[in-house]
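For reference, entry-v8.cif (mmCIF, C-alpha atoms):
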data_coords
loop_
_atom_site.label_atom_id
_atom_site.label_comp_id
_atom_site.auth_asym_id
_atom_site.auth_seq_id
_atom_site.Cartn_x
_atom_site.Cartn_y
_atom_site.Cartn_z
CA MET T 64 124.47 86.63 108.99
CA LYS T 65 127.52 88.08 107.25
CA VAL T 66 130.55 88.94 109.39
CA ASP T 67 133.03 91.70 108.56
CA GLY T 68 136.53 92.08 109.94
CA GLY T 69 138.78 95.11 109.96
CA ILE T 70 142.24 95.69 108.55
CA GLY T 71 144.68 98.38 109.61
CA TRP T 72 146.32 101.22 107.72
CA ASP T 73 149.71 99.55 107.23
CA LEU T 74 149.79 99.13 103.45
CA LYS T 75 152.63 96.61 103.67
CA ARG T 76 150.39 94.28 105.67
CA ALA T 77 146.88 95.13 104.44
CA GLY T 78 146.78 92.52 101.69
CA ALA T 79 147.99 89.72 103.94
CA GLN T 80 145.57 90.73 106.70
CA ALA T 81 142.67 90.66 104.27
CA ARG T 82 143.69 87.26 102.89
CA GLU T 83 143.88 85.86 106.42
CA LEU T 84 140.40 87.13 107.27
CA GLU T 85 138.98 85.66 104.07
CA GLU T 86 140.54 82.29 104.94
CA MET T 87 138.97 82.51 108.41
CA GLY T 88 135.53 82.75 106.83
CA TYR T 89 134.77 86.45 107.09
CA SER T 90 132.27 87.85 104.61
CA GLY T 91 133.74 91.32 104.29
CA ILE T 92 136.80 93.44 105.01
CA GLN T 93 136.37 96.93 106.47
CA SER T 94 138.72 99.88 106.45
CA ALA T 95 137.95 102.94 108.56
CA GLU T 96 138.80 106.60 108.10
CA THR T 97 140.48 107.72 111.30
CA GLY T 98 144.14 108.73 111.13
CA HIS T 99 144.63 107.37 107.61
CA ASP T 100 142.96 107.10 104.22
CA PRO T 101 140.26 104.38 104.21
CA PHE T 102 140.55 103.47 100.53
CA LEU T 103 144.21 102.56 100.02
CA PRO T 104 144.19 99.45 102.29
CA LEU T 105 141.23 98.07 100.33
CA ALA T 106 143.10 98.47 97.04
CA PHE T 107 145.78 96.16 98.45
CA ALA T 108 143.12 93.85 99.91
CA ALA T 109 141.50 93.54 96.49
CA GLN T 110 144.70 92.04 95.07
CA GLU T 111 144.93 89.35 97.75
CA THR T 112 141.30 88.23 98.07
CA LYS T 113 138.71 86.66 95.80
CA LYS T 114 135.33 86.51 97.56
CA VAL T 115 134.98 88.98 100.44
CA ASP T 116 133.24 92.34 100.17
CA LEU T 117 135.58 95.31 100.59
CA ILE T 118 133.91 98.05 102.63
CA THR T 119 134.78 101.52 103.84
CA GLY T 120 133.38 101.70 107.32
CA ILE T 121 133.20 104.63 106.92
CA ALA T 122 134.61 107.24 104.52
CA VAL T 123 133.64 110.83 105.32
CA ALA T 124 131.45 111.94 102.42
CA PHE T 125 131.34 115.65 103.17
CA ALA T 126 135.14 115.84 103.18
CA ARG T 127 134.92 115.13 99.43
CA THR T 128 132.66 115.82 96.47
CA PRO T 129 130.30 113.37 94.73
CA MET T 130 132.60 113.30 91.68
CA VAL T 131 135.66 112.44 93.78
CA LEU T 132 133.89 109.57 95.53
CA ALA T 133 132.27 108.40 92.30
CA HIS T 134 135.73 107.93 90.78
CA ILE T 135 137.20 106.22 93.86
CA GLY T 136 134.15 103.99 94.20
CA HIS T 137 134.26 103.03 90.55
CA ASP T 138 137.97 102.24 90.61
CA LEU T 139 137.81 100.05 93.72
CA ASN T 140 134.75 98.23 92.42
CA ALA T 141 136.50 97.58 89.12
CA THR T 142 139.74 96.37 90.67
CA SER T 143 137.86 94.09 93.11
CA GLU T 144 135.62 92.82 90.30
CA GLY T 145 132.38 94.04 91.84
CA ARG T 146 133.12 93.48 95.53
CA PHE T 147 133.46 97.08 96.75
CA VAL T 148 130.92 98.68 99.08
CA LEU T 149 131.23 102.44 99.51
CA GLY T 150 130.31 103.01 103.15
CA VAL T 151 129.90 106.72 103.82
CA GLY T 152 129.02 108.90 106.78
CA SER T 153 128.53 112.58 107.47
CA GLN T 154 130.84 113.11 110.48
CA ILE T 155 129.83 116.16 112.57
CA ARG T 156 129.86 119.87 111.84
CA ALA T 157 133.05 120.71 113.74
CA HIS T 158 135.13 118.15 111.86
CA ILE T 159 133.71 119.05 108.46
CA THR T 160 134.13 122.80 108.87
CA LYS T 161 137.25 122.99 111.08
CA ARG T 162 139.24 119.88 110.13
CA PHE T 163 138.29 119.48 106.46
CA SER T 164 137.37 123.12 105.70
CA MET T 165 134.26 122.02 103.83
CA PRO T 166 130.66 123.30 103.96
CA TRP T 167 128.08 121.94 106.39
CA SER T 168 124.31 122.33 106.34
CA SER T 169 121.21 120.14 106.52
CA PRO T 170 123.24 116.93 106.80
CA ALA T 171 120.48 114.43 105.98
CA ALA T 172 119.25 116.40 102.97
CA ARG T 173 122.83 117.01 101.82
CA MET T 174 123.70 113.33 102.15
CA ARG T 175 120.63 112.25 100.22
CA GLU T 176 121.62 114.58 97.41
CA PHE T 177 125.27 113.52 97.60
CA ILE T 178 124.35 109.88 96.98
CA LEU T 179 121.90 110.77 94.22
CA ALA T 180 124.62 112.86 92.56
CA MET T 181 127.02 109.90 92.62
CA ARG T 182 124.32 107.69 91.14
CA ALA T 183 123.78 110.23 88.34
CA ILE T 184 127.51 110.22 87.59
CA TRP T 185 127.63 106.42 87.55
CA ALA T 186 124.56 106.33 85.29
CA THR T 187 126.44 108.54 82.84
CA TRP T 188 129.45 106.23 82.86
CA HIS T 189 127.67 102.89 82.86
CA GLU T 190 124.38 103.55 81.11
CA GLY T 191 125.21 106.46 78.81
CA GLU T 192 122.79 108.85 80.50
CA PRO T 193 123.55 112.57 79.98
CA LEU T 194 125.01 114.11 83.12
CA GLN T 195 122.44 116.69 84.15
CA PHE T 196 122.38 116.73 87.93
CA THR T 197 121.37 120.05 89.43
CA GLY T 198 120.58 120.05 93.11
CA ARG T 199 120.46 122.31 96.12
CA PHE T 200 123.98 121.42 97.26
CA TYR T 201 125.69 119.82 94.26
CA THR T 202 125.69 120.41 90.52
CA HIS T 203 127.30 118.07 87.99
CA THR T 204 126.61 118.85 84.34
CA LEU T 205 129.89 118.18 82.55
CA MET T 206 131.35 114.82 81.57
CA THR T 207 133.47 114.16 78.50
CA PRO T 208 134.85 110.86 77.13
CA PHE T 209 138.36 111.79 78.29
CA PHE T 210 137.19 111.74 81.94
CA THR T 211 134.90 108.71 81.63
CA PRO T 212 136.29 105.39 82.94
CA THR T 213 136.68 102.68 80.31
CA ASN T 214 136.79 99.63 82.63
CA ARG T 215 133.05 99.52 83.14
CA GLU T 216 132.25 95.80 83.14
CA PHE T 217 131.57 95.56 86.88
CA GLY T 218 129.26 98.55 87.16
CA ALA T 219 128.84 100.94 90.08
CA PRO T 220 129.56 99.98 93.69
CA ARG T 221 126.92 99.51 96.33
CA VAL T 222 126.51 102.38 98.79
CA PHE T 223 125.96 101.96 102.53
CA LEU T 224 125.14 104.98 104.67
CA ALA T 225 126.00 105.32 108.35
CA ALA T 226 123.08 106.76 110.30
CA VAL T 227 121.83 107.26 113.85
CA GLY T 228 119.03 109.84 113.74
CA PRO T 229 115.70 109.26 112.00
CA LEU T 230 116.31 111.75 109.17
CA MET T 231 119.64 110.27 108.09
CA THR T 232 118.21 106.77 108.53
CA GLU T 233 115.27 107.67 106.31
CA ALA T 234 117.73 108.95 103.69
CA ALA T 235 119.56 105.63 103.87
CA GLY T 236 116.34 103.76 103.23
CA GLU T 237 115.51 105.98 100.28
CA VAL T 238 118.80 106.23 98.37
CA ALA T 239 121.37 103.74 99.77
CA ASP T 240 121.77 99.99 99.41
CA GLY T 241 122.38 99.45 103.10
CA ILE T 242 122.77 101.15 106.45
CA ILE T 243 125.68 101.04 108.86
CA VAL T 244 124.08 101.26 112.27
CA HIS T 245 126.21 102.93 114.93
CA ALA T 246 127.65 100.65 117.61
CA PHE T 247 126.00 103.00 120.12
CA THR T 248 122.56 101.51 119.46
CA THR T 249 120.24 99.52 121.68
CA GLU T 250 118.05 96.71 120.41
CA LYS T 251 115.01 98.78 121.38
CA TYR T 252 116.22 101.82 119.40
CA LEU T 253 117.05 99.61 116.42
CA ARG T 254 113.58 98.10 116.33
CA GLU T 255 111.46 101.10 117.35
CA THR T 256 113.32 104.00 115.71
CA THR T 257 115.70 102.72 113.03
CA LEU T 258 113.40 100.24 111.30
CA PRO T 259 110.39 102.60 111.02
CA ALA T 260 112.66 105.34 109.62
CA LEU T 261 114.00 102.92 107.03
CA GLU T 262 110.47 101.97 106.05
CA ARG T 263 109.63 105.65 105.48
CA GLY T 264 112.67 105.88 103.21
CA PHE T 265 111.65 102.74 101.34
CA ALA T 266 108.19 104.22 100.78
CA LYS T 267 109.73 107.37 99.27
CA ALA T 268 111.88 105.27 96.96
CA ARG T 269 108.92 103.18 95.83
CA ALA T 270 106.92 106.35 95.15
CA ALA T 271 109.74 107.39 92.81
CA GLY T 272 109.61 104.03 91.03
CA VAL T 273 112.51 102.30 92.81
CA ASP T 274 111.87 98.88 94.34
CA LYS T 275 113.13 99.19 97.93
CA SER T 276 112.40 97.05 100.97
CA LEU T 277 114.27 95.15 103.66
CA ALA T 278 114.46 92.25 101.20
CA ASN T 279 116.94 94.10 98.97
CA PHE T 280 118.64 96.22 101.62
CA GLU T 281 121.36 95.35 104.14
CA ILE T 282 121.56 96.35 107.80
CA SER T 283 125.08 96.28 109.20
CA TYR T 284 125.37 96.51 112.98
CA PRO T 285 128.81 96.53 114.66
CA CYS T 286 127.47 95.67 118.09
CA PHE T 287 129.61 95.85 121.20
CA VAL T 288 130.76 92.45 122.44
CA VAL T 289 132.04 91.90 125.96
CA THR T 290 133.83 88.61 126.34
CA GLY T 291 136.94 86.91 127.68
CA ARG T 292 138.46 83.53 128.35
CA ASP T 293 138.71 84.18 132.08
CA GLU T 294 137.46 86.64 134.67
CA GLN T 295 140.39 88.99 134.20
CA GLU T 296 139.80 89.27 130.46
CA MET T 297 136.05 89.65 130.99
CA GLN T 298 136.50 92.50 133.48
CA ALA T 299 138.93 94.25 131.17
CA ALA T 300 136.43 93.97 128.32
CA LYS T 301 133.63 95.32 130.50
CA GLN T 302 135.69 98.34 131.52
CA ALA T 303 136.70 99.10 127.94
CA THR T 304 133.10 98.81 126.75
CA ARG T 305 131.78 101.02 129.55
CA GLN T 306 134.35 103.60 128.49
CA GLN T 307 133.17 103.47 124.88
CA ILE T 308 129.50 103.68 125.82
CA ALA T 309 130.20 106.64 128.09
CA PHE T 310 132.21 108.40 125.37
CA TYR T 311 129.44 108.06 122.79
CA GLY T 312 126.76 108.86 125.36
CA SER T 313 128.35 112.25 126.03
CA THR T 314 127.38 113.39 122.51
CA PRO T 315 124.10 115.36 122.61
CA ALA T 316 122.95 114.00 119.25
CA TYR T 317 122.96 110.47 120.69
CA LYS T 318 120.66 111.25 123.62
CA PRO T 319 117.64 109.63 121.89
CA VAL T 320 119.45 106.30 122.00
CA LEU T 321 119.84 106.61 125.77
CA ASP T 322 116.21 107.73 125.96
CA SER T 323 115.19 104.45 124.31
CA VAL T 324 116.20 102.55 127.45
CA GLY T 325 115.20 105.21 129.99
CA ALA T 326 118.72 106.52 130.56
CA GLY T 327 118.45 109.90 128.86
CA GLU T 328 119.26 111.79 132.05
CA LEU T 329 122.80 110.41 131.92
CA GLN T 330 123.60 112.32 128.75
CA GLY T 331 123.92 115.68 130.48
CA ASP T 332 126.18 114.25 133.18
CA LEU T 333 128.37 112.46 130.64
CA ASN T 334 128.64 115.58 128.51
CA ALA T 335 129.62 117.74 131.48
CA MET T 336 132.24 115.22 132.59
CA SER T 337 133.69 115.01 129.08
CA LYS T 338 134.20 118.79 129.04
CA GLN T 339 136.06 118.44 132.34
CA GLY T 340 138.30 115.75 130.83
CA ARG T 341 136.99 113.12 133.26
CA TRP T 342 137.02 110.34 130.67
CA VAL T 343 137.83 107.51 133.07
CA ASP T 344 135.26 108.61 135.64
CA MET T 345 132.52 108.65 133.00
CA ALA T 346 132.63 104.87 132.70
CA GLU T 347 131.45 104.53 136.31
CA LEU T 348 128.03 105.86 135.27
CA ILE T 349 127.48 102.86 132.97
CA ASP T 350 126.15 100.05 135.16
CA GLU T 351 125.81 96.38 134.24
CA ASP T 352 122.17 96.68 133.15
CA LEU T 353 122.84 99.63 130.84
CA MET T 354 125.91 97.94 129.38
CA GLY T 355 123.75 94.92 128.61
CA GLN T 356 121.37 97.11 126.60
CA PHE T 357 124.23 98.12 124.29
CA ALA T 358 126.43 95.04 124.31
CA VAL T 359 126.38 91.28 123.96
CA VAL T 360 127.97 90.08 127.20
CA GLU T 361 128.86 86.41 126.85
CA GLU T 362 131.54 83.78 127.12
CA PRO T 363 133.22 83.14 123.76
CA ASN T 364 131.26 79.97 123.00
CA ARG T 365 127.95 81.81 123.43
CA ILE T 366 128.66 84.97 121.41
CA ALA T 367 127.31 83.79 118.06
CA ALA T 368 124.14 82.25 119.49
CA THR T 369 123.32 85.40 121.47
CA ILE T 370 123.93 87.74 118.53
CA LYS T 371 121.66 85.58 116.39
CA SER T 372 118.93 85.36 119.01
CA ARG T 373 118.87 89.11 119.64
CA PHE T 374 119.43 90.46 116.13
CA GLY T 375 119.19 87.61 113.65
CA ASP T 376 115.76 88.62 112.36
CA VAL T 377 116.89 92.21 111.67
CA VAL T 378 120.64 92.42 111.11
CA ASP T 379 122.20 91.17 107.86
CA ARG T 380 125.83 91.67 108.77
CA THR T 381 127.89 92.45 111.84
CA SER T 382 131.42 93.55 112.56
CA ALA T 383 131.39 92.91 116.29
CA ALA T 384 134.86 93.19 117.83
CA TYR T 385 136.41 90.25 119.64
CA ALA T 386 139.90 90.60 118.22
CA GLN T 387 141.46 89.80 121.61
CA LEU T 388 140.35 86.18 121.25
CA PRO T 389 142.66 83.58 119.65
CA ALA T 390 142.29 83.06 115.91
CA ASP T 391 140.72 79.62 116.27
CA VAL T 392 138.03 80.95 118.62
CA ARG T 393 137.28 83.89 116.30
CA THR T 394 137.07 81.49 113.36
CA SER T 395 134.55 79.35 115.26
CA ILE T 396 132.40 82.43 116.04
CA VAL T 397 132.50 83.61 112.43
CA ARG T 398 131.54 80.20 111.09
CA GLU T 399 128.66 79.88 113.52
CA LEU T 400 127.36 83.35 112.64
CA THR T 401 127.61 82.79 108.90
CA ALA T 402 126.05 79.31 108.99
CA ALA T 403 122.53 79.12 107.58
#
What is this structure when it is put down as structure tokens?
Amino acid sequence: MKVDGGIGWDLKRAGAQARELEEMGYSGIQSAETGHDPFLPLAFAAQETKKVDLITGIAVAFARTPMVLAHIGHDLNATSEGRFVLGVGSQIRAHITKRFSMPWSSPAARMREFILAMRAIWATWHEGEPLQFTGRFYTHTLMTPFFTPTNREFGAPRVFLAAVGPLMTEAAGEVADGIIVHAFTTEKYLRETTLPALERGFAKARAAGVDKSLANFEISYPCFVVTGRDEQEMQAAKQATRQQIAFYGSTPAYKPVLDSVGAGELQGDLNAMSKQGRWVDMAELIDEDLMGQFAVVEEPNRIAATIKSRFGDVVDRTSAAYAQLPADVRTSIVRELTAA
């Protein structure tokens, strides 16, 4: 199993952080789009590393156009010599329309077309195909030599798509190279909802002449991990994880995940409490059993074995968080996870 670690937004430290993670045995470096740009830290990381994948986890696709992301993806893949993975996600309507002032409609269909549009652009640059992409949401029909990248030896980047619902997951299976599963996912939902949706996407790709299956596709799952070196640290980790589960569970779109473990009735209560600003109280609704459905709850020396036993036959890479542990303990976990 591959293991990814995250770096922060501080550009003065991003390269050194990435180098340290590579030396610890991590397989990939992730940069998220929250309060800062997700791409710039990876440009610095590319200069200080040699082997690790460099991944946006995630960049908001609908805040940009396919052409914009095609250029950024190409440039980071070229500067990292083929190690960049463009991880994209849709975000939600309110953020796209009110924060980014961009259009929103039919997110799964729009995302499918967005990725296909990028692939058409890359095919023009790398394979000399005429740019003639005309879709329902995006149209790209103009490309001249002046705007075509010349450093093309490393090709186009891989694309991972973040997905929760069946439609977006199916789109990932059809047009992406991997899926970034949401941390708010149970093992039951992963096996009974996510995998069948991916298979439907693979079938669509194969019908269009593209060889797609789990064998040439990556599943990335940043599962919750609850751990600690003593009881105090363990209890603090449990409380923090309950808080996260409650926060995600308050989102109506995530109710099917709660349904997968018979806890769907909690969604309405969590949503109502979130609107009342009762964020701390919400965590009290997440009991030990429910937390165990979403998280790996183990002592540090058992984390890797439990992740492998629960998800090793399905998940290709993980970015589980246990940053509070000392570096030597994290290194041991990473090495155990990545061992054959």
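Residue nearest Thr202 in chain T, chosen from T:Thr128, T:Ser169, T:Ser276, T:Thr248 and counting only C-alpha atoms: T:Thr128.
For the file shown, the residue list from the PyMOL selection byres ((chain T and resi 68) around 8) reads Val66, Asp67, Gly69, Ile70, Leu84, Tyr89, Gly91, Ile92, Gln93 and Ser382 of chain T.
For the choices T:Val378, T:Leu230, T:Met130, T:Met174, the atom-to-atom distance to Thr204 in chain T is smallest for T:Met130 when using all atoms listed in the file.
Taking only C-alpha atoms into account, Val227 in chain T lies nearest to T:Tyr317 out of the set T:Trp185, T:Trp167, T:Tyr317, T:Phe209.
Atom to atom, CA of Arg76 in chain T and CA of His99 in chain T stand 14.4 Å apart.
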* **Atomic distance CA of Trp342 in chain T - CA of Lys251 in chain T, expressed in Å with one decimal** => 26.5 Å
* Residues in the PyMOL selection byres ((chain T and resi 322) around 12), expressed as an NGL selection string -> :T and (248-249 or 251-252 or 255-256 or 312 or 315-321 or 323-331 or 353 or 356)
* Could you check which of T:Asn214, T:Thr401, T:Thr232, T:Thr197 is closest to Ser153 in chain T, using only C-alpha atoms? => T:Thr232
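When the PyMOL selection byres ((chain T and resi 346) around 9) is evaluated against the file, it yields Gln302, Ala303, Thr304, Arg305, Gln306, Gln307, Ile308, Ala309, Phe310, Leu333, Trp342, Val343, Asp344, Met345, Glu347, Leu348, Ile349 and Asp350 of chain T.
Nearest to Met181 in chain T of all the residues T:Ala133, T:Leu105, T:Met206, T:Met165 is T:Ala133, based on only C-alpha atoms.
The coordinates place CA of Val288 in chain T at 14.4 Å from CA of Asp352 in chain T.
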Rebuild range 310-331 of chain T so that it carries N, CA and C atoms, then output the result as a PDB file, in the frame of the given file.
ATOM      1  N   PHE T 310     131.692 107.436 126.341  1.00  0.00           N
ATOM      2  CA  PHE T 310     132.210 108.400 125.370  1.00  0.00           C
ATOM      3  C   PHE T 310     131.125 108.781 124.361  1.00  0.00           C
ATOM      4  N   TYR T 311     130.485 107.765 123.759  1.00  0.00           N
ATOM      5  CA  TYR T 311     129.440 108.060 122.790  1.00  0.00           C
ATOM      6  C   TYR T 311     128.236 108.732 123.452  1.00  0.00           C
ATOM      7  N   GLY T 312     127.910 108.302 124.661  1.00  0.00           N
ATOM      8  CA  GLY T 312     126.760 108.860 125.360  1.00  0.00           C
ATOM      9  C   GLY T 312     126.904 110.320 125.709  1.00  0.00           C
ATOM     10  N   SER T 313     128.131 110.829 125.710  1.00  0.00           N
ATOM     11  CA  SER T 313     128.350 112.250 126.030  1.00  0.00           C
ATOM     12  C   SER T 313     127.955 113.162 124.874  1.00  0.00           C
ATOM     13  N   THR T 314     127.735 112.595 123.693  1.00  0.00           N
ATOM     14  CA  THR T 314     127.380 113.390 122.510  1.00  0.00           C
ATOM     15  C   THR T 314     125.890 113.721 122.531  1.00  0.00           C
ATOM     16  N   PRO T 315     125.524 114.997 122.525  1.00  0.00           N
ATOM     17  CA  PRO T 315     124.100 115.360 122.610  1.00  0.00           C
ATOM     18  C   PRO T 315     123.228 114.723 121.540  1.00  0.00           C
ATOM     19  N   ALA T 316     123.759 114.564 120.331  1.00  0.00           N
ATOM     20  CA  ALA T 316     122.950 114.000 119.250  1.00  0.00           C
ATOM     21  C   ALA T 316     122.551 112.556 119.510  1.00  0.00           C
ATOM     22  N   TYR T 317     123.254 111.870 120.418  1.00  0.00           N
ATOM     23  CA  TYR T 317     122.960 110.470 120.690  1.00  0.00           C
ATOM     24  C   TYR T 317     122.032 110.277 121.891  1.00  0.00           C
ATOM     25  N   LYS T 318     121.543 111.364 122.458  1.00  0.00           N
ATOM     26  CA  LYS T 318     120.660 111.250 123.620  1.00  0.00           C
ATOM     27  C   LYS T 318     119.420 110.387 123.332  1.00  0.00           C
ATOM     28  N   PRO T 319     118.812 110.484 122.137  1.00  0.00           N
ATOM     29  CA  PRO T 319     117.640 109.630 121.890  1.00  0.00           C
ATOM     30  C   PRO T 319     117.907 108.144 122.054  1.00  0.00           C
ATOM     31  N   VAL T 320     119.136 107.717 121.814  1.00  0.00           N
ATOM     32  CA  VAL T 320     119.450 106.300 122.000  1.00  0.00           C
ATOM     33  C   VAL T 320     119.397 105.951 123.482  1.00  0.00           C
ATOM     34  N   LEU T 321     119.946 106.823 124.327  1.00  0.00           N
ATOM     35  CA  LEU T 321     119.840 106.610 125.770  1.00  0.00           C
ATOM     36  C   LEU T 321     118.383 106.692 126.218  1.00  0.00           C
ATOM     37  N   ASP T 322     117.634 107.608 125.627  1.00  0.00           N
ATOM     38  CA  ASP T 322     116.210 107.730 125.960  1.00  0.00           C
ATOM     39  C   ASP T 322     115.470 106.416 125.706  1.00  0.00           C
ATOM     40  N   SER T 323     115.907 105.671 124.690  1.00  0.00           N
ATOM     41  CA  SER T 323     115.190 104.450 124.310  1.00  0.00           C
ATOM     42  C   SER T 323     115.188 103.411 125.420  1.00  0.00           C
ATOM     43  N   VAL T 324     116.146 103.509 126.330  1.00  0.00           N
ATOM     44  CA  VAL T 324     116.200 102.550 127.450  1.00  0.00           C
ATOM     45  C   VAL T 324     116.070 103.276 128.782  1.00  0.00           C
ATOM     46  N   GLY T 325     115.479 104.480 128.757  1.00  0.00           N
ATOM     47  CA  GLY T 325     115.200 105.210 129.990  1.00  0.00           C
ATOM     48  C   GLY T 325     116.414 105.755 130.694  1.00  0.00           C
ATOM     49  N   ALA T 326     117.498 106.018 129.948  1.00  0.00           N
ATOM     50  CA  ALA T 326     118.720 106.520 130.560  1.00  0.00           C
ATOM     51  C   ALA T 326     119.117 107.887 130.017  1.00  0.00           C
ATOM     52  N   GLY T 327     118.149 108.608 129.479  1.00  0.00           N
ATOM     53  CA  GLY T 327     118.450 109.900 128.860  1.00  0.00           C
ATOM     54  C   GLY T 327     119.058 110.916 129.796  1.00  0.00           C
ATOM     55  N   GLU T 328     118.738 110.803 131.102  1.00  0.00           N
ATOM     56  CA  GLU T 328     119.260 111.790 132.050  1.00  0.00           C
ATOM     57  C   GLU T 328     120.771 111.689 132.203  1.00  0.00           C
ATOM     58  N   LEU T 329     121.348 110.567 131.827  1.00  0.00           N
ATOM     59  CA  LEU T 329     122.800 110.410 131.920  1.00  0.00           C
ATOM     60  C   LEU T 329     123.542 111.280 130.922  1.00  0.00           C
ATOM     61  N   GLN T 330     122.887 111.624 129.824  1.00  0.00           N
ATOM     62  CA  GLN T 330     123.600 112.320 128.750  1.00  0.00           C
ATOM     63  C   GLN T 330     124.191 113.642 129.223  1.00  0.00           C
ATOM     64  N   GLY T 331     123.424 114.408 129.984  1.00  0.00           N
ATOM     65  CA  GLY T 331     123.920 115.680 130.480  1.00  0.00           C
ATOM     66  C   GLY T 331     125.117 115.511 131.393  1.00  0.00           C
TER      67      GLY T 331
END
